[in-house]
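Enquirer: Sharing a structure below in structure tokens format, with a few things to ask.
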Amino acid sequence: MKFYHCTKSKNARKILKLKDPKKITPSLFTYIDCLNDWLGKLLNPNFSEISSEDFVFPRFYYSQGENRTVFWLGTGLYCFAEENKDESPNYAKRNNLDVILDINYSDEYTEFEMHKNKDLLTKFLEDDVVGYFKVRGFSGEKLEALELVVQYLILEIEDEYFKNPHCAAVIIEMFIHILNLNFDVVSNKYLKNDVNFTYDNYSSIRNLDFISGFEYNYDLSHKIKE
């Protein structure tokens with residue numbers, strides 16, 4: 001199985017020189033930090049002055065003074081699956097990346113496809129999240145704020161993450177953590193245009209142990225420059 005990873009030339013050279021390809025550093029995301037940041041905003045006495053249209057799930061959250069990105073699929077090595085590899089050059093262009101690498105991956109892997117499990121994720125949010133945090137001490141206004149977050153995330157699933165794709169990261173990390181699940185790969189389709197219903201398809205490799213190597217993909221990398 002092959003996946004396709006977009007990166008910069010400097011990073012590509014480092015990756016290709018790795019003696020053990022499993023030692024690549026993935027993107028890291030801690031949903032608890034992000035959730036706490038958003039709950040803090042909801043509990044702010046000035047929150048009522050912010051219109052619902054202006055208060056959206058943040059692309060960035062702040063923890064100990066650092067600006068951290070909310071990734072679209074949580075923790076993992078971001079890539080394109082074989083069937084979506086033709087999307088990779090345009091993605092690279094949009095993000096100022098100039099190299100695409102093949103990821104040689106095991107054929108025997110587990111995958112959770114978020115777009116095919118919208119009902120399951122909605123049920124999880126409705127049935128499991130509030131109770132999980134209630135047992136861990138959430139009460140009063142903090143519990144009410146969490147309930148608002150859950151309702152917001154459910155709406156984002158229904159909207160196919162069209163306006164706030166970063167919500168998917170919180171949902172998938174909650175789902176995996178709270179239910180104590182493991183998947184080698186997580187993927188999702190994101191609605192990009194609600195007129196002609198075009199989508200972007202992304203994957204994230206969570207289990208790096210199944211990576212057997214990286215290779216430079218000349219054809220896809222060349223298309224970035226076209």
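Numbering starts fresh at 1 for the residues of each chain in the structure tokens, the chains themselves are lettered A, B, ... in the order given, and ligands are numbered from 1 as they appear.
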Which range 69-92 of chain A residues have any atom within 10 Å of an atom of range 181-187 of chain A, and for each, what is the nearest pair of atoms with distance in Å to one decimal, counting only C-alpha atoms, rows sorted by chain and number, as CSV?
Expert:
residue,atom,partner,partner_atom,distance
A:Trp72,CA,A:Ser187,CA,9.8
A:Leu73,CA,A:Val186,CA,7.2
A:Gly74,CA,A:Val186,CA,9.0
A:Thr75,CA,A:Val186,CA,9.6
A:Gly76,CA,A:Val185,CA,8.4
A:Leu77,CA,A:Val185,CA,9.2
A:Tyr78,CA,A:Ser187,CA,9.6
A:Cys79,CA,A:Ser187,CA,9.4
A:Phe80,CA,A:Ser187,CA,9.0
A:Ala81,CA,A:Ser187,CA,8.7
Enquirer: Limited to N, CA, C and O atoms, could you put the picked residues into a file as a PDB file, in the first residue's frame?
Expert:
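Output file part-v1.pdb follows:
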ATOM      1  N   TRP A  72      -6.479  18.954  11.299  1.00  0.00           N
ATOM      2  CA  TRP A  72      -7.788  18.515  10.821  1.00  0.00           C
ATOM      3  C   TRP A  72      -8.121  17.083  11.221  1.00  0.00           C
ATOM      4  O   TRP A  72      -9.293  16.719  11.288  1.00  0.00           O
ATOM      5  N   LEU A  73      -7.121  16.249  11.454  1.00  0.00           N
ATOM      6  CA  LEU A  73      -7.375  14.851  11.795  1.00  0.00           C
ATOM      7  C   LEU A  73      -6.620  14.419  13.048  1.00  0.00           C
ATOM      8  O   LEU A  73      -6.308  13.244  13.221  1.00  0.00           O
ATOM      9  N   GLY A  74      -6.304  15.378  13.903  1.00  0.00           N
ATOM     10  CA  GLY A  74      -5.627  15.026  15.144  1.00  0.00           C
ATOM     11  C   GLY A  74      -4.179  14.643  14.926  1.00  0.00           C
ATOM     12  O   GLY A  74      -3.513  15.091  13.989  1.00  0.00           O
ATOM     13  N   THR A  75      -3.690  13.774  15.773  1.00  0.00           N
ATOM     14  CA  THR A  75      -2.298  13.336  15.724  1.00  0.00           C
ATOM     15  C   THR A  75      -2.064  12.373  14.564  1.00  0.00           C
ATOM     16  O   THR A  75      -2.914  11.546  14.241  1.00  0.00           O
ATOM     17  N   GLY A  76      -0.884  12.473  13.931  1.00  0.00           N
ATOM     18  CA  GLY A  76      -0.535  11.514  12.892  1.00  0.00           C
ATOM     19  C   GLY A  76       0.329  12.107  11.802  1.00  0.00           C
ATOM     20  O   GLY A  76       0.649  13.296  11.805  1.00  0.00           O
ATOM     21  N   LEU A  77       0.708  11.280  10.859  1.00  0.00           N
ATOM     22  CA  LEU A  77       1.474  11.695   9.682  1.00  0.00           C
ATOM     23  C   LEU A  77       0.468  11.941   8.556  1.00  0.00           C
ATOM     24  O   LEU A  77      -0.166  11.010   8.062  1.00  0.00           O
ATOM     25  N   TYR A  78       0.337  13.197   8.153  1.00  0.00           N
ATOM     26  CA  TYR A  78      -0.701  13.567   7.194  1.00  0.00           C
ATOM     27  C   TYR A  78      -0.306  13.189   5.772  1.00  0.00           C
ATOM     28  O   TYR A  78       0.846  13.368   5.370  1.00  0.00           O
ATOM     29  N   CYS A  79      -1.287  12.670   5.031  1.00  0.00           N
ATOM     30  CA  CYS A  79      -0.976  12.144   3.707  1.00  0.00           C
ATOM     31  C   CYS A  79      -2.255  11.975   2.880  1.00  0.00           C
ATOM     32  O   CYS A  79      -3.357  12.282   3.347  1.00  0.00           O
ATOM     33  N   PHE A  80      -2.069  11.502   1.664  1.00  0.00           N
ATOM     34  CA  PHE A  80      -3.185  11.177   0.788  1.00  0.00           C
ATOM     35  C   PHE A  80      -3.158   9.680   0.507  1.00  0.00           C
ATOM     36  O   PHE A  80      -2.089   9.104   0.280  1.00  0.00           O
ATOM     37  N   ALA A  81      -4.325   9.067   0.507  1.00  0.00           N
ATOM     38  CA  ALA A  81      -4.419   7.655   0.172  1.00  0.00           C
ATOM     39  C   ALA A  81      -4.238   7.465  -1.328  1.00  0.00           C
ATOM     40  O   ALA A  81      -4.314   8.418  -2.112  1.00  0.00           O
TER      41      ALA A  81
END
Enquirer: May I have the residues within 10 Å of range 215-218 of chain A as a PyMOL selection string, using only C-alpha atoms and disregarding those fewer than 6 positions away in the same chain?
Expert: chain A and resi 4-5+12-13+15-16+99-104
Enquirer: Find the residues near Gln151 in chain A: any atom within 12 Å, counting only C-alpha atoms, skip ones fewer than 2 places away on the same chain, and give them as a VMD selection string.
Expert: chain A and resid 122 to 127 129 to 130 144 to 149 153 to 158 167 171
Enquirer: For the strand (DSSP E) assignment from backbone DSSP, which residues of range 5-225 of chain A qualify? Please present them as a PyMOL selection string.
Expert: chain A and resi 5-7+60-63+66-69+77-81+99-105+111-113+185-193+198-205+211-216
Enquirer: Given only C-alpha atoms as the basis, pick out the residue of A:Ala92, A:His222, A:Phe71, A:Glu83 nearest to Pro26 in chain A.
Expert: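 Smallest separation from Pro26 in chain A among the options: A:Phe71.
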Enquirer: Which residues are close to Tyr109 in chain A, i.e. within 12 Å by only C-alpha atoms, leaving aside same-chain residues fewer than 2 positions away? Reply as a list in words.
Expert: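 Counting only the stated atoms, we get Met1, Lys2, Tyr105, Ser106, Asp107, Glu111, Phe112, Asn182, Phe183, Asp184, Val185, Val186, Ile205, Arg206, Asn207, Leu208, Asp209, Phe210 and Ile211 of chain A.
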Enquirer: Identify all residues of range 4-179 of chain A in alpha helix (DSSP H) (DSSP on the backbone) and supply them as number ranges by chain.
Expert: A: 9-16, 31-43, 88-94, 118-124, 130-135, 140-158, 167-178
Enquirer: List as a list in words the protein and nucleic acid residues near Tyr190 in chain A, meaning an atom at most 8 Å away when only C-alpha atoms are counted, but skip any in the same chain fewer than 3 places from it.
Expert: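 The neighbour list is Glu160, Tyr161, Phe162, Pro165, Tyr199, Asp200 and Asn201 of chain A.
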Enquirer: Atoms to include: N, CA and C atoms. Write the selected residues as a PDB file, in the first residue's frame.
Expert:
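As written to disk, selection_4.pdb reads:
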ATOM      1  N   GLU A 160     -20.854  18.609   7.497  1.00  0.00           N
ATOM      2  CA  GLU A 160     -19.689  18.011   6.838  1.00  0.00           C
ATOM      3  C   GLU A 160     -18.423  18.856   7.010  1.00  0.00           C
ATOM      4  N   TYR A 161     -18.339  19.505   8.171  1.00  0.00           N
ATOM      5  CA  TYR A 161     -17.146  20.296   8.534  1.00  0.00           C
ATOM      6  C   TYR A 161     -16.851  21.391   7.517  1.00  0.00           C
ATOM      7  N   PHE A 162     -17.901  21.878   6.874  1.00  0.00           N
ATOM      8  CA  PHE A 162     -17.706  22.837   5.780  1.00  0.00           C
ATOM      9  C   PHE A 162     -17.064  24.139   6.253  1.00  0.00           C
ATOM     10  N   PRO A 165     -13.421  22.825   9.664  1.00  0.00           N
ATOM     11  CA  PRO A 165     -12.844  21.480   9.546  1.00  0.00           C
ATOM     12  C   PRO A 165     -12.033  21.066  10.759  1.00  0.00           C
ATOM     13  N   TYR A 199     -15.072  17.908  -2.707  1.00  0.00           N
ATOM     14  CA  TYR A 199     -14.519  17.502  -1.419  1.00  0.00           C
ATOM     15  C   TYR A 199     -12.995  17.414  -1.491  1.00  0.00           C
ATOM     16  N   ASP A 200     -12.357  17.605  -0.340  1.00  0.00           N
ATOM     17  CA  ASP A 200     -10.951  17.252  -0.165  1.00  0.00           C
ATOM     18  C   ASP A 200     -10.903  16.001   0.694  1.00  0.00           C
ATOM     19  N   ASN A 201      -9.991  15.106   0.362  1.00  0.00           N
ATOM     20  CA  ASN A 201      -9.868  13.833   1.073  1.00  0.00           C
ATOM     21  C   ASN A 201      -8.492  13.737   1.728  1.00  0.00           C
TER      22      ASN A 201
END
Enquirer: Using only C-alpha atoms, pick whichever of A:Lys10, A:Phe175, A:Trp38, A:Ser139 has the shortest atom-to-atom distance to Leu120 in chain A.
Expert: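 Among the listed residues, A:Phe175 lies closest to Leu120 in chain A.
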Enquirer: Kindly give the distance, in Å, that separates CA of Asn193 in chain A and CA of Lys163 in chain A, rounded to a single decimal.
Expert: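 Taking CA of Asn193 in chain A as the start and CA of Lys163 in chain A as the end point, the length is 10.1 Å.
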Enquirer: Choose the residue, out of A:Thr69, A:Asn164, A:Thr25, A:Thr7, that has the smallest atom-to-atom separation from Arg94 in chain A; count only C-alpha atoms.
Expert: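 Closest residue, counting only C-alpha atoms: A:Thr7.
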Enquirer: A:Ile178, A:Asp159, A:Lys85, A:Leu121: which is nearest Lys192 in chain A, counting only C-alpha atoms?
Expert: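 Ranking A:Ile178, A:Asp159, A:Lys85, A:Leu121 by distance to Lys192 in chain A, first place goes to A:Asp159.
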